[in-house]
Amino acid sequence: MKKLGLFILTAFTLLTISFSTTSAGYPSQVYFNNFDGVPIAAPGVTDTLGGITNLESVQGYNGIGVGSNTFGGDFLRNDTGGYESGDLGAPGSPTTLTLDGLPPHTSIDINFLLAIIDSWDGSEPGEGPDACTDCHPDILTVIVDGDIIFSESFGFMSPSFSPPPDVVLAEYVPLGFNPDSDDAAYDMSLYPAFHNIPHSASTLTIEWVAGGDGWQGGDDESWAIDNLEIVIEQQGIDVAIDIKPGSDPNRINLHSNGAVPVAVLSTDDFDSASIDPVSVLFAGASPLRWVMKDVDFDGDVDFLFFFKTQELNLDANSIEATLTGTTFDGDLIVGTDSIVIKKSPDWMQVNVDGFGDSQNQQIPSLAVFNGYLYAGTWNAVWEDGNVIAATAQIWRTKDGSNWEMVNETEANGAAALIQYKGYLYSGSWSSDWDGSAKVWRSRDGLNWEFITEDGFGSGNGIARFAVYKNALYASTWGPETAIWRTTHGKKWEAFIELGGDPNNSGAIASELFDGYLYWGLGNWETGAQIWRTNGAATEAVITDGFGTPDNKIVSSLAAFSGSLYAGVWNTEGVQVWRSANGRDWESVGVIGNPTPSATSALEVYAGQLYLVAENDDTGLEVWRTANGVDWEQVGFAGFGDGNNAWSYWDNATAVFKGNLYIATNNFATGGEVWKMCPTTCR
């Protein structure tokens, strides 16, 4: 495998954030070619590789190098001159790289791996008994804009090239090609002659050519280069950036299909409004969008950019990332912040955080309807730490990754979604500013009508929907949790007030099992409850938190492998209980390492039971079991973002087109939707 991979704007990430406008030199990569694909040039730079450009397999050079900077795949080999041209000592034809449109700079670095192939003689006049008297050296010369910057002989007989030890990768060993000759390999990115070469022109021409009195070419003597990189030194202004504002540490999941927010902060010495946004790059990626916003709440306006995660040139070993750009006056700006790369195999984010709006802090509902996956959001407006207004947005996707907004309603979040009799229904929480909960529906997902705007007359918020025996049920939040139902869609009736206990906080979980519709409730005094109905009579099967008031809420229910499972909010974490008949329950135990008083969701997918556990410290966790007893963790640390602390219980999970989807709450950058694939998302 080769190093360097894709294009990165900054070749070296040794920069530190400064809160002043100090001008300093910054290396910026403008060209990279590993000869295994299309070369990558910086925006505005055109590249031309001319002369001898033959590509061949690296053969025995494969894997030689340090770290990830190794030979691999193909390299550019030049075997011209000498006997290939008809005469010993005839110089080879050059290999030439020309770059046009370089940005302002003061110097260049030329980095490449060099292969010296076959019987280079390296003879140079010298002193002592081993010095040659009839010397026929083999010389490699590198020329920059007509000036020779390197010209040395290579080989086993008195070569003039005498590099530092770290430049030498291999010498005098057979590495392929002519089996009767030895070869050598060097990392020329570490050789001083190729660093800090004075240069300021917008055009750069580099030539590599071999020759010398003893040059034979062909199968006797040739050379090759790999991992060619050109870096320019630019003068820039240090700026302060904040990757994923509100996060610490700044976790990035490379499996994410979402976006990473990066803020350039305004300070006393720098106004971020001076940045030309189209010039900005972060880890090699251009921004998807940008907005001016006070992200650090210091009273001045900052520049917030969003970058598609899949376009970032980062890898599992990255520990920091750099943003560059220019001001409208043409000055370079550079800022670096630390990152933590998190790995969540088999998961992929399928939306941009908050669908592009960080005020979409919760995505509390997912549902499948007419071939689309729908997601409901809570878009909140805050003032002095309090929510003063909110809307509910509904988004949908047909392919699982490309989303469109189909509805925005003045309601306190789209807390629940369900399909019933050819309609998609949505329900909201109640609100402090108008005291009402709403239910609205759509036949086509685009045109919506209100069913109720006053919480069925009680003002209580909608907790969850369920369909049972041809009727649509809706549970409410407390006090005095109630269940309403309809067979008409518009005309609702009060079905039952569960227990009539003012301490009941809401029925957030429901499930069909063994002919009954079950509801899970919260009760802060006596403990969680479970109720069930056959459509006529209703009875309580658990009223005491499974024997302890510390079990506060049944936050999830799922029928799996002949039993009904309940996820329970406990003061020590997530407990899971199960019953084969709905009346007699046994504990499966505490799952994961979640935050005390954690909520959970349960979903059956691909023959296994999945549990989503809240974790306010490091981010939500996903666990699964095939037998209901033995659990394995398959989702970690909020999918790489600790702000994804929890999902909105069973309402926020769905199975769509063979994949499990989980929506998160994220109060820093906006809610996220993640997809789990049966094997791999790639």
# chains A, B, ... in the order shown; residues from 1 in each chain; ligands from 1

$ residues_around --residues "Asp444 (chain A)" --least-positions-apart "2" --cutoff "12 Å" --atoms "only C-alpha atoms" --output "MDAnalysis selection string"
chainID A and resid 369:372 374 396 406:407 419 422:425 441:442 446:449

$ select_by_dssp --residues "region 320-530 of chain A" --states "strand (DSSP E or B)" --output "PyMOL selection string"
chain A and resi 320-327+332-338+340-342+347-349+360-369+372-383+386-397+403-409+412-420+423-429+439-442+448-452+462-468+471-477+482-486+493-497+504-513+516-523+529-530

$ atom_distance --atom1 "CA of Ile139 (chain A)" --atom2 "CA of Gly82 (chain A)"
12.1 Å

$ residues_around --residues "Leu88 (chain A)" --least-positions-apart "2" --cutoff "10 Å" --atoms "only C-alpha atoms" --output "ChimeraX atom specification"
/A:81-86,90-91,136,211-217

$ residues_around --residues "Leu564 (chain A)" --least-positions-apart "6" --cutoff "9 Å" --atoms "only C-alpha atoms" --output "ChimeraX atom specification"
/A:511-514,557-558,577-582

$ closest_atom_pairs --of "region 549-592 of chain A" --to "region 636-658 of chain A" --cutoff "12 Å" --atoms "only C-alpha atoms" --output "Markdown table"
| residue | atom | partner | partner_atom | distance |
| --- | --- | --- | --- | --- |
| A:Ile553 | CA | A:Trp649 | CA | 11.3 |
| A:Val554 | CA | A:Trp649 | CA | 10.0 |
| A:Ser555 | CA | A:Trp649 | CA | 6.3 |
| A:Ser556 | CA | A:Asp650 | CA | 5.8 |
| A:Leu557 | CA | A:Asp650 | CA | 7.7 |
| A:Ala558 | CA | A:Asp650 | CA | 8.9 |
| A:Ala566 | CA | A:Asp650 | CA | 11.0 |
| A:Gly567 | CA | A:Trp649 | CA | 9.4 |
| A:Val568 | CA | A:Trp649 | CA | 10.9 |
| A:Trp569 | CA | A:Trp649 | CA | 10.8 |
| A:Gly592 | CA | A:Phe636 | CA | 10.3 |
